[in-house]
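Trainee: Just query01.pdb, nothing more (PDB, C-alpha atoms):
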```pdb
ATOM      1  CA  MET J   1     125.377 155.018  87.158
ATOM      2  CA  ARG J   2     124.909 151.248  86.902
ATOM      3  CA  GLY J   3     122.406 149.521  84.679
ATOM      4  CA  PHE J   4     121.100 146.104  83.727
ATOM      5  CA  VAL J   5     122.146 144.419  80.548
ATOM      6  CA  ILE J   6     119.410 142.172  79.190
ATOM      7  CA  THR J   7     120.785 140.081  76.398
ATOM      8  CA  LEU J   8     119.286 137.187  74.443
ATOM      9  CA  ASP J   9     121.740 134.917  76.305
ATOM     10  CA  SER J  10     120.432 135.943  79.715
ATOM     11  CA  ILE J  11     116.804 135.510  78.630
ATOM     12  CA  ILE J  12     117.537 131.995  77.331
ATOM     13  CA  ALA J  13     119.443 131.177  80.536
ATOM     14  CA  LEU J  14     116.522 132.413  82.628
ATOM     15  CA  ILE J  15     114.015 130.370  80.607
ATOM     16  CA  LEU J  16     116.196 127.244  80.965
ATOM     17  CA  ALA J  17     116.564 127.713  84.732
ATOM     18  CA  ILE J  18     112.832 128.219  85.264
ATOM     19  CA  SER J  19     112.063 125.222  82.998
ATOM     20  CA  LEU J  20     114.406 123.036  85.057
ATOM     21  CA  ILE J  21     112.631 123.945  88.294
ATOM     22  CA  ILE J  22     109.195 123.407  86.749
ATOM     23  CA  ILE J  23     110.154 120.008  85.273
ATOM     24  CA  VAL J  24     111.656 118.705  88.520
ATOM     25  CA  GLY J  25     108.658 119.832  90.571
ATOM     26  CA  SER J  26     106.194 118.857  87.876
ATOM     27  CA  PRO J  27     103.087 116.862  88.809
ATOM     28  CA  VAL J  28     103.982 114.565  85.876
ATOM     29  CA  LEU J  29     106.879 113.207  87.930
ATOM     30  CA  ARG J  30     104.819 112.936  91.098
ATOM     31  CA  VAL J  31     103.374 109.587  92.071
ATOM     32  CA  ARG J  32      99.621 109.671  92.159
ATOM     33  CA  PRO J  33      97.992 108.933  95.506
ATOM     34  CA  SER J  34      96.936 105.325  95.860
ATOM     35  CA  ALA J  35      93.422 104.335  94.892
ATOM     36  CA  TRP J  36      93.340 102.434  98.187
ATOM     37  CA  SER J  37      90.190 104.049  99.489
ATOM     38  CA  ASP J  38      88.286 103.219  96.292
ATOM     39  CA  ALA J  39      89.496  99.622  96.443
ATOM     40  CA  GLN J  40      88.335  99.350 100.073
ATOM     41  CA  VAL J  41      84.847 100.610  99.181
ATOM     42  CA  LYS J  42      84.607  98.121  96.303
ATOM     43  CA  ARG J  43      85.739  95.258  98.543
ATOM     44  CA  ILE J  44      83.239  96.162 101.258
ATOM     45  CA  SER J  45      80.464  96.397  98.644
ATOM     46  CA  MET J  46      81.182  92.918  97.312
ATOM     47  CA  ASP J  47      81.432  91.502 100.854
ATOM     48  CA  PHE J  48      78.157  93.202 101.777
ATOM     49  CA  LEU J  49      76.259  91.637  98.862
ATOM     50  CA  THR J  50      77.814  88.254  99.633
ATOM     51  CA  ILE J  51      76.709  88.289 103.274
ATOM     52  CA  LEU J  52      73.241  89.534 102.317
ATOM     53  CA  ASP J  53      72.954  86.533 100.015
ATOM     54  CA  LYS J  54      74.576  83.991 102.362
ATOM     55  CA  SER J  55      72.467  85.066 105.315
ATOM     56  CA  GLY J  56      69.306  84.619 103.248
ATOM     57  CA  ALA J  57      68.364  88.278 103.720
ATOM     58  CA  LEU J  58      67.890  88.827  99.982
ATOM     59  CA  THR J  59      65.613  85.796  99.621
ATOM     60  CA  ARG J  60      63.567  86.840 102.664
ATOM     61  CA  ALA J  61      63.302  90.408 101.378
ATOM     62  CA  VAL J  62      61.832  89.130  98.110
ATOM     63  CA  GLY J  63      59.541  86.606  99.854
ATOM     64  CA  GLN J  64      58.203  89.088 102.407
ATOM     65  CA  ASN J  65      58.447  92.157 100.160
ATOM     66  CA  SER J  66      60.240  93.912 103.016
ATOM     67  CA  SER J  67      63.562  95.739 103.113
ATOM     68  CA  SER J  68      63.852  95.929 106.910
ATOM     69  CA  GLU J  69      66.501  93.184 107.212
ATOM     70  CA  ILE J  70      68.613  94.760 104.468
ATOM     71  CA  ILE J  71      68.375  98.101 106.249
ATOM     72  CA  TYR J  72      69.534  96.393 109.470
ATOM     73  CA  PHE J  73      72.612  94.969 107.701
ATOM     74  CA  MET J  74      73.331  98.407 106.241
ATOM     75  CA  SER J  75      73.239  99.941 109.703
ATOM     76  CA  THR J  76      76.089  97.628 110.767
ATOM     77  CA  GLU J  77      78.397  99.096 108.127
ATOM     78  CA  SER J  78      80.767 101.980 108.795
ATOM     79  CA  SER J  79      78.999 105.310 109.324
ATOM     80  CA  SER J  80      81.243 106.894 106.681
ATOM     81  CA  LEU J  81      79.706 104.673 104.007
ATOM     82  CA  CYS J  82      76.371 105.221 102.319
ATOM     83  CA  MET J  83      74.496 102.433 100.589
ATOM     84  CA  LYS J  84      71.432 101.913  98.497
ATOM     85  CA  VAL J  85      70.127  98.480  97.461
ATOM     86  CA  ARG J  86      67.666  97.884  94.657
ATOM     87  CA  LEU J  87      66.148  94.454  94.065
ATOM     88  CA  SER J  88      64.639  93.529  90.741
ATOM     89  CA  GLY J  89      63.266  90.391  89.159
ATOM     90  CA  SER J  90      62.240  89.326  85.688
ATOM     91  CA  ASN J  91      59.205  91.608  85.933
ATOM     92  CA  GLY J  92      61.327  94.614  86.859
ATOM     93  CA  TYR J  93      61.715  96.626  90.064
ATOM     94  CA  LEU J  94      60.726  94.926  93.335
ATOM     95  CA  LEU J  95      61.949  96.999  96.252
ATOM     96  CA  SER J  96      64.756  99.229  97.399
ATOM     97  CA  ALA J  97      66.457 100.070 100.678
ATOM     98  CA  GLU J  98      68.590 103.016 101.679
ATOM     99  CA  LYS J  99      70.922 103.388 104.635
ATOM    100  CA  SER J 100      69.586 105.807 107.213
ATOM    101  CA  GLY J 101      70.911 109.353 106.806
ATOM    102  CA  CYS J 102      72.053 108.827 103.212
ATOM    103  CA  SER J 103      69.779 110.798 100.956
ATOM    104  CA  GLY J 104      71.108 111.734  97.521
ATOM    105  CA  GLU J 105      74.299 110.267  96.163
ATOM    106  CA  GLY J 106      77.982 111.069  96.456
ATOM    107  CA  THR J 107      80.189 112.055  93.554
ATOM    108  CA  ARG J 108      81.967 108.678  93.331
ATOM    109  CA  VAL J 109      79.402 105.909  93.411
ATOM    110  CA  PHE J 110      80.431 102.257  93.137
ATOM    111  CA  LEU J 111      77.960  99.896  91.563
ATOM    112  CA  SER J 112      77.950  96.170  92.420
ATOM    113  CA  ARG J 113      75.476  93.529  91.346
ATOM    114  CA  ARG J 114      74.695  90.029  92.522
ATOM    115  CA  THR J 115      72.232  87.555  91.104
ATOM    116  CA  PHE J 116      70.406  85.250  93.468
ATOM    117  CA  VAL J 117      67.680  82.645  93.283
ATOM    118  CA  SER J 118      64.501  82.611  95.323
ATOM    119  CA  GLY J 119      62.100  79.778  94.656
ATOM    120  CA  SER J 120      62.604  79.130  90.976
ATOM    121  CA  ASN J 121      63.077  82.760  90.021
ATOM    122  CA  PHE J 122      66.235  84.742  89.394
ATOM    123  CA  TYR J 123      66.621  88.165  90.964
ATOM    124  CA  THR J 124      69.276  90.852  90.866
ATOM    125  CA  ALA J 125      70.495  92.903  93.788
ATOM    126  CA  GLU J 126      72.118  96.171  92.780
ATOM    127  CA  LEU J 127      74.172  97.973  95.401
ATOM    128  CA  ARG J 128      75.295 101.570  95.092
ATOM    129  CA  THR J 129      77.968 102.575  97.591
ATOM    130  CA  TRP J 130      79.661 105.913  98.167
ATOM    131  CA  GLU J 131      81.618 107.648 100.891
ATOM    132  CA  ARG J 132      79.764 110.251 102.907
TER
ATOM    133  CA  MET Y   1     149.423 141.558  73.322
ATOM    134  CA  ARG Y   2     148.624 140.686  76.900
ATOM    135  CA  ARG Y   3     145.550 138.596  77.675
ATOM    136  CA  GLY Y   4     143.461 139.287  80.746
ATOM    137  CA  GLN Y   5     140.554 137.864  82.746
ATOM    138  CA  ILE Y   6     137.411 139.797  83.536
ATOM    139  CA  ILE Y   7     135.612 138.826  86.728
ATOM    140  CA  THR Y   8     132.780 141.171  87.356
ATOM    141  CA  ILE Y   9     130.177 141.291  90.131
ATOM    142  CA  ASP Y  10     127.612 140.315  87.484
ATOM    143  CA  ILE Y  11     129.410 137.082  86.636
ATOM    144  CA  LEU Y  12     129.804 136.160  90.312
ATOM    145  CA  THR Y  13     126.118 136.855  90.980
ATOM    146  CA  ALA Y  14     125.071 134.820  87.940
ATOM    147  CA  PHE Y  15     127.286 131.949  89.076
ATOM    148  CA  ALA Y  16     125.859 132.047  92.608
ATOM    149  CA  VAL Y  17     122.300 132.073  91.264
ATOM    150  CA  PHE Y  18     123.089 129.161  88.945
ATOM    151  CA  ILE Y  19     124.555 127.087  91.786
ATOM    152  CA  LEU Y  20     121.531 127.876  93.939
ATOM    153  CA  ILE Y  21     119.103 126.776  91.223
ATOM    154  CA  ALA Y  22     121.105 123.629  90.457
ATOM    155  CA  ASP Y  23     121.224 122.703  94.186
ATOM    156  CA  ALA Y  24     117.499 123.320  94.608
ATOM    157  CA  SER Y  25     116.767 121.162  91.551
ATOM    158  CA  ILE Y  26     118.916 118.295  92.824
ATOM    159  CA  LEU Y  27     117.316 118.417  96.279
ATOM    160  CA  LEU Y  28     113.821 118.504  94.777
ATOM    161  CA  TRP Y  29     114.671 115.600  92.466
ATOM    162  CA  GLU Y  30     115.977 113.470  95.343
ATOM    163  CA  TYR Y  31     112.903 114.273  97.427
ATOM    164  CA  GLU Y  32     110.614 113.188  94.589
ATOM    165  CA  LEU Y  33     112.610 109.963  94.121
ATOM    166  CA  THR Y  34     112.337 109.131  97.842
ATOM    167  CA  LYS Y  35     108.607 109.799  97.747
ATOM    168  CA  ALA Y  36     108.202 107.566  94.695
ATOM    169  CA  GLY Y  37     110.140 104.783  96.459
ATOM    170  CA  ASP Y  38     107.985 105.059  99.607
ATOM    171  CA  SER Y  39     104.852 105.011  97.519
ATOM    172  CA  GLN Y  40     105.999 101.919  95.638
ATOM    173  CA  ASN Y  41     106.720 100.090  98.913
ATOM    174  CA  ARG Y  42     103.283 101.086 100.171
ATOM    175  CA  ASN Y  43     101.637  99.772  96.992
ATOM    176  CA  ILE Y  44     103.426  96.441  97.346
ATOM    177  CA  MET Y  45     102.327  96.201 100.981
ATOM    178  CA  GLU Y  46      98.724  97.004 100.008
ATOM    179  CA  GLU Y  47      98.782  94.331  97.319
ATOM    180  CA  VAL Y  48     100.202  91.750  99.728
ATOM    181  CA  ALA Y  49      97.584  92.660 102.370
ATOM    182  CA  ARG Y  50      94.778  92.484  99.823
ATOM    183  CA  ALA Y  51      95.842  88.985  98.745
ATOM    184  CA  ALA Y  52      96.089  87.848 102.392
ATOM    185  CA  SER Y  53      92.632  89.264 103.213
ATOM    186  CA  ASN Y  54      91.183  87.348 100.262
ATOM    187  CA  GLN Y  55      92.839  84.221 101.577
ATOM    188  CA  LEU Y  56      91.350  84.722 105.058
ATOM    189  CA  MET Y  57      87.925  84.579 103.371
ATOM    190  CA  THR Y  58      88.583  80.998 102.170
ATOM    191  CA  PRO Y  59      88.396  77.711 104.159
ATOM    192  CA  GLY Y  60      92.164  77.192 103.818
ATOM    193  CA  GLU Y  61      93.972  74.041 102.725
ATOM    194  CA  PRO Y  62      93.287  71.556 104.226
ATOM    195  CA  SER Y  63      89.817  72.967 104.869
ATOM    196  CA  ASP Y  64      89.726  71.266 108.294
ATOM    197  CA  TRP Y  65      93.131  72.560 109.402
ATOM    198  CA  GLN Y  66      91.665  73.511 112.762
ATOM    199  CA  LEU Y  67      91.334  69.824 113.672
ATOM    200  CA  THR Y  68      95.009  69.047 113.194
ATOM    201  CA  ASP Y  69      98.393  70.134 114.482
ATOM    202  CA  ILE Y  70      99.673  72.800 112.164
ATOM    203  CA  ASN Y  71     103.168  72.988 110.736
ATOM    204  CA  SER Y  72     104.740  74.196 107.533
ATOM    205  CA  SER Y  73     104.168  70.890 105.743
ATOM    206  CA  SER Y  74     100.587  70.290 106.912
ATOM    207  CA  LEU Y  75      99.127  73.782 106.451
ATOM    208  CA  HIS Y  76      99.262  74.849 102.812
ATOM    209  CA  SER Y  77      96.853  77.757 102.956
ATOM    210  CA  PHE Y  78      95.226  79.571 105.860
ATOM    211  CA  GLY Y  79      91.594  80.700 105.918
ATOM    212  CA  LEU Y  80      88.805  81.279 108.434
ATOM    213  CA  THR Y  81      85.639  80.454 106.538
ATOM    214  CA  SER Y  82      83.566  77.397 105.757
ATOM    215  CA  SER Y  83      82.367  78.983 102.520
ATOM    216  CA  SER Y  84      82.746  82.410 100.991
ATOM    217  CA  ASN Y  85      82.457  85.095 103.731
ATOM    218  CA  VAL Y  86      80.959  82.677 106.290
ATOM    219  CA  ILE Y  87      83.337  82.368 109.255
ATOM    220  CA  GLU Y  88      83.646  78.971 110.909
ATOM    221  CA  TRP Y  89      83.433  79.191 114.683
ATOM    222  CA  SER Y  90      85.812  76.259 115.285
ATOM    223  CA  LYS Y  91      88.515  78.070 113.291
ATOM    224  CA  ILE Y  92      88.060  81.162 115.426
ATOM    225  CA  GLN Y  93      88.470  79.042 118.548
ATOM    226  CA  ARG Y  94      91.556  77.390 117.098
ATOM    227  CA  ILE Y  95      93.336  80.674 116.336
ATOM    228  CA  GLY Y  96      92.809  81.562 119.987
ATOM    229  CA  GLN Y  97      94.734  78.407 120.933
ATOM    230  CA  LEU Y  98      97.466  79.036 118.349
ATOM    231  CA  ASN Y  99      98.001  82.650 119.326
ATOM    232  CA  GLY Y 100     101.031  83.592 121.392
ATOM    233  CA  ASN Y 101     103.369  80.914 120.024
ATOM    234  CA  GLN Y 102     106.119  82.176 117.699
ATOM    235  CA  GLY Y 103     106.273  78.861 115.798
ATOM    236  CA  ASN Y 104     102.551  78.922 115.057
ATOM    237  CA  TYR Y 105     102.804  82.583 114.104
ATOM    238  CA  THR Y 106     105.493  81.809 111.528
ATOM    239  CA  VAL Y 107     103.498  78.898 110.069
ATOM    240  CA  VAL Y 108     100.277  80.948 109.766
ATOM    241  CA  LYS Y 109     102.158  83.933 108.344
ATOM    242  CA  SER Y 110     103.775  81.713 105.766
ATOM    243  CA  ALA Y 111     100.448  80.031 104.883
ATOM    244  CA  LEU Y 112      99.008  83.502 104.265
ATOM    245  CA  GLY Y 113     101.861  84.298 101.866
ATOM    246  CA  LEU Y 114     103.360  86.861 104.240
ATOM    247  CA  ASN Y 115     106.837  85.424 104.812
ATOM    248  CA  SER Y 116     108.581  88.790 104.577
ATOM    249  CA  TRP Y 117     105.934  90.705 106.503
ATOM    250  CA  GLU Y 118     104.432  90.903 109.940
ATOM    251  CA  VAL Y 119     100.718  90.306 110.391
ATOM    252  CA  TRP Y 120      97.892  90.745 112.842
ATOM    253  CA  PHE Y 121      94.261  89.850 112.257
ATOM    254  CA  GLY Y 122      91.151  89.853 114.354
ATOM    255  CA  VAL Y 123      87.445  89.102 114.119
ATOM    256  CA  LEU Y 124      85.227  91.782 115.626
ATOM    257  CA  TYR Y 125      81.534  92.267 116.165
ATOM    258  CA  GLU Y 126      80.069  95.346 114.550
ATOM    259  CA  ASN Y 127      80.115  97.217 117.873
ATOM    260  CA  GLY Y 128      83.899  96.787 117.959
ATOM    261  CA  THR Y 129      84.017  93.942 120.498
ATOM    262  CA  MET Y 130      86.936  91.661 119.684
ATOM    263  CA  ILE Y 131      85.946  88.009 119.337
ATOM    264  CA  GLN Y 132      89.403  86.620 118.643
ATOM    265  CA  SER Y 133      92.698  87.867 117.264
ATOM    266  CA  PHE Y 134      96.017  86.446 116.141
ATOM    267  CA  GLY Y 135      99.505  87.947 116.225
ATOM    268  CA  SER Y 136     100.561  91.200 117.822
ATOM    269  CA  GLN Y 137      99.400  94.559 116.600
ATOM    270  CA  PRO Y 138     101.831  96.801 114.685
ATOM    271  CA  PRO Y 139     104.023  99.038 116.819
ATOM    272  CA  THR Y 140     102.933 102.650 117.127
ATOM    273  CA  GLY Y 141     104.271 104.787 114.319
ATOM    274  CA  SER Y 142     104.855 101.901 111.917
ATOM    275  CA  SER Y 143     103.456 102.179 108.425
ATOM    276  CA  ALA Y 144     100.893  99.389 108.458
ATOM    277  CA  VAL Y 145      98.201  98.560 105.931
ATOM    278  CA  SER Y 146      94.819  97.700 107.411
ATOM    279  CA  ILE Y 147      92.016  95.951 105.548
ATOM    280  CA  ASP Y 148      88.494  95.358 106.815
ATOM    281  CA  ARG Y 149      86.404  92.549 105.341
ATOM    282  CA  LYS Y 150      82.772  91.820 106.116
ATOM    283  CA  ALA Y 151      81.658  88.308 106.942
ATOM    284  CA  MET Y 152      79.031  86.290 108.812
ATOM    285  CA  LEU Y 153      79.623  84.459 112.063
ATOM    286  CA  ASN Y 154      76.732  82.457 113.499
ATOM    287  CA  SER Y 155      74.281  84.582 111.450
ATOM    288  CA  SER Y 156      75.732  87.854 112.795
ATOM    289  CA  PRO Y 157      77.662  90.314 110.652
ATOM    290  CA  VAL Y 158      81.294  90.608 111.751
ATOM    291  CA  THR Y 159      84.410  92.429 110.578
ATOM    292  CA  VAL Y 160      87.634  90.603 109.806
ATOM    293  CA  ARG Y 161      90.461  93.114 110.236
ATOM    294  CA  LEU Y 162      93.915  92.371 108.858
ATOM    295  CA  GLU Y 163      96.994  94.503 109.428
ATOM    296  CA  VAL Y 164     100.276  94.005 107.600
ATOM    297  CA  TRP Y 165     103.552  95.793 108.172
ATOM    298  CA  ARG Y 166     107.288  95.262 107.900
TER
END
```
Now that the file is in, can you turn its structure into structure tokens?

Mentor:
Amino acid sequence: MRGFVITLDSIIALILAISLIIIVGSPVLRVRPSAWSDAQVKRISMDFLTILDKSGALTRAVGQNSSSEIIYFMSTESSSLCMKVRLSGSNGYLLSAEKSGCSGEGTRVFLSRRTFVSGSNFYTAELRTWER
Amino acid sequence: MRRGQIITIDILTAFAVFILIADASILLWEYELTKAGDSQNRNIMEEVARAASNQLMTPGEPSDWQLTDINSSSLHSFGLTSSSNVIEWSKIQRIGQLNGNQGNYTVVKSALGLNSWEVWFGVLYENGTMIQSFGSQPPTGSSAVSIDRKAMLNSSPVTVRLEVWR
């Protein structure tokens, strides 16, 4: 009759072999996926605020107390992106605009701010962007 | 006293298992190294593309490069805007004239800091209609990095798309 011999040596050898496989395949040695998508969202957010400012849409929104033009600009952005803009002045909240079909917020929200001048007053546009 | 050698089935099995584990570990290690190398190349390409896309959003140097003949000594930096994120129509027209000539392609590529890379960029309306493009698009299957930037052209929102590959 044949049997198995389990010695301390064989247990140590087994532990070493398993450790080797775990270390080589370890997530520690793996390269993390690029944060490319996050960087793209940030870039688009900054571009979006810039073109809202350059086109005069922010100034007109404050002057007319209307978010319709901002909502139009939002609709031109990729459908996979959700956006929410909040305008405030020295007296606090003025108005907000939300991209159609984007209620609630995603788990990774990027916050961008831009200050602009309308008349002689300073205002802040706060943009929250997340992927649908 | 005579000395002998004991080779049992157990020892042979243990040896075979050891070789198998060692081989698997080496293969796994090499695979991880290759993946890390690919990822590093990709990161470099992304960084290069990001810098070039930022440059496209500037007026360039000289800022009226579209009015002159371009060559490596006259064009120091290439950009499409008149001010931040506002595309200049005359520059769009000019890239249409420059497109298709290998010499111009090399000069523009170099002015974008992409000497070792290939580049394509285009300006598109939001509905996807191409207004103007420069260079030839990356071949199918190539690992290209694509960046979209938002800008204004004649009061309309447009997308500036840049693709970089090697």

Trainee: Pick out the residues sitting within 12 Å of Asn91 of chain J, and hand them over as a VMD selection string; count all atoms listed in the file, and ignore anything fewer than 6 positions along from it in its own chain.

Mentor: chain J and resid 121 to 124

Trainee: Which residues, named as in the file, does the ChimeraX specification (/J :<7) & /Y pick out? Answer as a CSV table (one decimal) with C-alpha atoms, keeping the file's coordinate frame.

Mentor:
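As written to disk, out.csv reads:
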```csv
chain,number,residue,atom,x,y,z
Y,25,SER,CA,116.8,121.2,91.6
Y,28,LEU,CA,113.8,118.5,94.8
Y,29,TRP,CA,114.7,115.6,92.5
Y,32,GLU,CA,110.6,113.2,94.6
Y,36,ALA,CA,108.2,107.6,94.7
Y,85,ASN,CA,82.5,85.1,103.7
Y,126,GLU,CA,80.1,95.3,114.6
Y,149,ARG,CA,86.4,92.5,105.3
Y,150,LYS,CA,82.8,91.8,106.1
Y,151,ALA,CA,81.7,88.3,106.9
Y,152,MET,CA,79.0,86.3,108.8
Y,155,SER,CA,74.3,84.6,111.4
```

Trainee: As an exercise, work out the distance from atom CA of Glu98 of chain J to atom CA of Ser146 of chain Y in Å and give it to one decimal place.

Mentor: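 Going from atom CA of Glu98 of chain J over to atom CA of Ser146 of chain Y, I get 27.4 Å.
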
Trainee: Of the candidates J:Cys102, J:Leu95, J:Val109, J:Ile11, which shows the shortest atom-to-atom distance to Ala61 of chain J, using all atoms listed in the file?

Mentor: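 Among J:Cys102, J:Leu95, J:Val109, J:Ile11, it is J:Leu95 that comes nearest to Ala61 of chain J.
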
Trainee: Atom CA of Gln66 of chain Y and atom CA of Arg50 of chain Y are how many Å apart?

Mentor: 23.2 Å

Trainee: Would you please work out which residue, of J:Asp53, J:Thr7, J:Leu81, J:Arg114, is nearest to Ser84 of chain Y when using only C-alpha atoms?

Mentor: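 So, comparing all the options, the nearest one is J:Asp53.
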
Trainee: Excluding same-chain residues fewer than 2 positions from Phe110 of chain J, what lies within 8 Å of it counting all atoms listed in the file, as a PyMOL selection string?

Mentor: chain J and resi 41-42+108+112+127-130

Trainee: State, in Å with one decimal place, the distance from atom CA of Phe134 of chain Y to atom CA of Asn43 of chain Y.

Mentor: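 If I compute the distance from atom CA of Phe134 of chain Y to atom CA of Asn43 of chain Y, I get 24.0 Å.
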
Trainee: Find the residues near Phe78 of chain Y: any atom within 10 Å, counting only C-alpha atoms, skip ones fewer than 3 places away on the same chain, and give them as an MDAnalysis selection string.

Mentor: chainID Y and resid 52 55:63 65:66 75 81 107:113

Trainee: Need to verify the contact set: segment 95-104 of chain Y, 8 Å, only C-alpha atoms, exclusion of same-chain residues closer than 5 positions in sequence. Can you return it as an NGL selection string?

Mentor: :Y and (70-71 or 132-135)

Trainee: Please determine, counting all atoms listed in the file, which residue among Y:Pro138, Y:Glu118, Y:Val17, Y:Ile87 has the shortest atom-to-atom distance to Ser156 of chain Y.

Mentor: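 Of all the options, Y:Ile87 lies closest to Ser156 of chain Y.
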
Trainee: For the point (103.2, 98.6, 108.9) in the file's frame, write as JSON, numbers by chain all residues with an atom no more than 8 Å away, counting all atoms listed in the file.

Mentor: {"Y": [118, 138, 139, 142, 143, 144, 145, 163, 164, 165, 166]}

Trainee: Under the PyMOL selection byres ((chain J and resi 87) around 8), which residues of this model are included? Write them out as an NGL selection string.

Mentor: :J and (62 or 85-86 or 88-89 or 93-96 or 123-126)

Trainee: Got time to write the residues from that selection, C-alpha atoms, as a PDB file, in the coordinates of the input?

Mentor:
```
ATOM      1  CA  VAL J  62      61.832  89.130  98.110  1.00  0.00           C
ATOM      2  CA  VAL J  85      70.127  98.480  97.461  1.00  0.00           C
ATOM      3  CA  ARG J  86      67.666  97.884  94.657  1.00  0.00           C
ATOM      4  CA  SER J  88      64.639  93.529  90.741  1.00  0.00           C
ATOM      5  CA  GLY J  89      63.266  90.391  89.159  1.00  0.00           C
ATOM      6  CA  TYR J  93      61.715  96.626  90.064  1.00  0.00           C
ATOM      7  CA  LEU J  94      60.726  94.926  93.335  1.00  0.00           C
ATOM      8  CA  LEU J  95      61.949  96.999  96.252  1.00  0.00           C
ATOM      9  CA  SER J  96      64.756  99.229  97.399  1.00  0.00           C
ATOM     10  CA  TYR J 123      66.621  88.165  90.964  1.00  0.00           C
ATOM     11  CA  THR J 124      69.276  90.852  90.866  1.00  0.00           C
ATOM     12  CA  ALA J 125      70.495  92.903  93.788  1.00  0.00           C
ATOM     13  CA  GLU J 126      72.118  96.171  92.780  1.00  0.00           C
TER      14      GLU J 126
END
```

Trainee: Can you pull out the residues contacting Ala97 of chain J? Cut-off 8 Å, using only C-alpha atoms, and skip same-chain residues under 3 positions away; I want them as a VMD selection string.

Mentor: chain J and resid 67 to 68 70 to 71 84 to 86

Trainee: Measuring atom to atom with all atoms listed in the file, identify which of Y:Thr68, Y:Asn127, Y:Glu88, Y:Glu46 is nearest to Ser37 of chain J.

Mentor: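 Closest to Ser37 of chain J, using all atoms listed in the file: Y:Glu46.
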
Trainee: Taking every listed atom of segment 127-139 of chain Y and adding 4 Å to each side, what centre and edge lengths in Å (one decimal) does the axis-aligned box have, as AutoDock Vina command-line options?

Mentor:
```
--center_x 92.1 --center_y 92.7 --center_z 117.6 --size_x 31.9 --size_y 20.6 --size_z 13.8
```

Trainee: Since the input lacks atoms, please generate N, CA and C atoms for segment 24-38 of chain Y and provide them as a short mmCIF file (atom, residue, chain, number, x, y, z; two decimals), in the frame of the given file.

Mentor:
```cif
data_model
loop_
_atom_site.label_atom_id
_atom_site.label_comp_id
_atom_site.auth_asym_id
_atom_site.auth_seq_id
_atom_site.Cartn_x
_atom_site.Cartn_y
_atom_site.Cartn_z
N ALA Y 24 118.93 123.47 94.30
CA ALA Y 24 117.50 123.32 94.61
C ALA Y 24 116.90 122.23 93.73
N SER Y 25 117.30 122.18 92.47
CA SER Y 25 116.77 121.16 91.55
C SER Y 25 117.17 119.76 91.98
N ILE Y 26 118.43 119.62 92.39
CA ILE Y 26 118.92 118.30 92.82
C ILE Y 26 118.17 117.84 94.08
N LEU Y 27 118.01 118.76 95.03
CA LEU Y 27 117.32 118.42 96.28
C LEU Y 27 115.87 118.01 96.00
N LEU Y 28 115.21 118.78 95.13
CA LEU Y 28 113.82 118.50 94.78
C LEU Y 28 113.70 117.14 94.09
N TRP Y 29 114.65 116.87 93.21
CA TRP Y 29 114.67 115.60 92.47
C TRP Y 29 114.83 114.42 93.43
N GLU Y 30 115.75 114.55 94.38
CA GLU Y 30 115.98 113.47 95.34
C GLU Y 30 114.75 113.25 96.22
N TYR Y 31 114.11 114.36 96.61
CA TYR Y 31 112.90 114.27 97.43
C TYR Y 31 111.80 113.52 96.68
N GLU Y 32 111.65 113.86 95.40
CA GLU Y 32 110.61 113.19 94.59
C GLU Y 32 110.93 111.70 94.44
N LEU Y 33 112.21 111.37 94.26
CA LEU Y 33 112.61 109.96 94.12
C LEU Y 33 112.30 109.18 95.40
N THR Y 34 112.61 109.79 96.56
CA THR Y 34 112.34 109.13 97.84
C THR Y 34 110.84 108.89 98.00
N LYS Y 35 110.06 109.92 97.62
CA LYS Y 35 108.61 109.80 97.75
C LYS Y 35 108.08 108.68 96.84
N ALA Y 36 108.63 108.61 95.64
CA ALA Y 36 108.20 107.57 94.70
C ALA Y 36 108.54 106.18 95.24
N GLY Y 37 109.73 106.06 95.87
CA GLY Y 37 110.14 104.78 96.46
C GLY Y 37 109.21 104.37 97.60
N ASP Y 38 108.89 105.33 98.48
CA ASP Y 38 107.98 105.06 99.61
C ASP Y 38 106.62 104.62 99.10
#
```
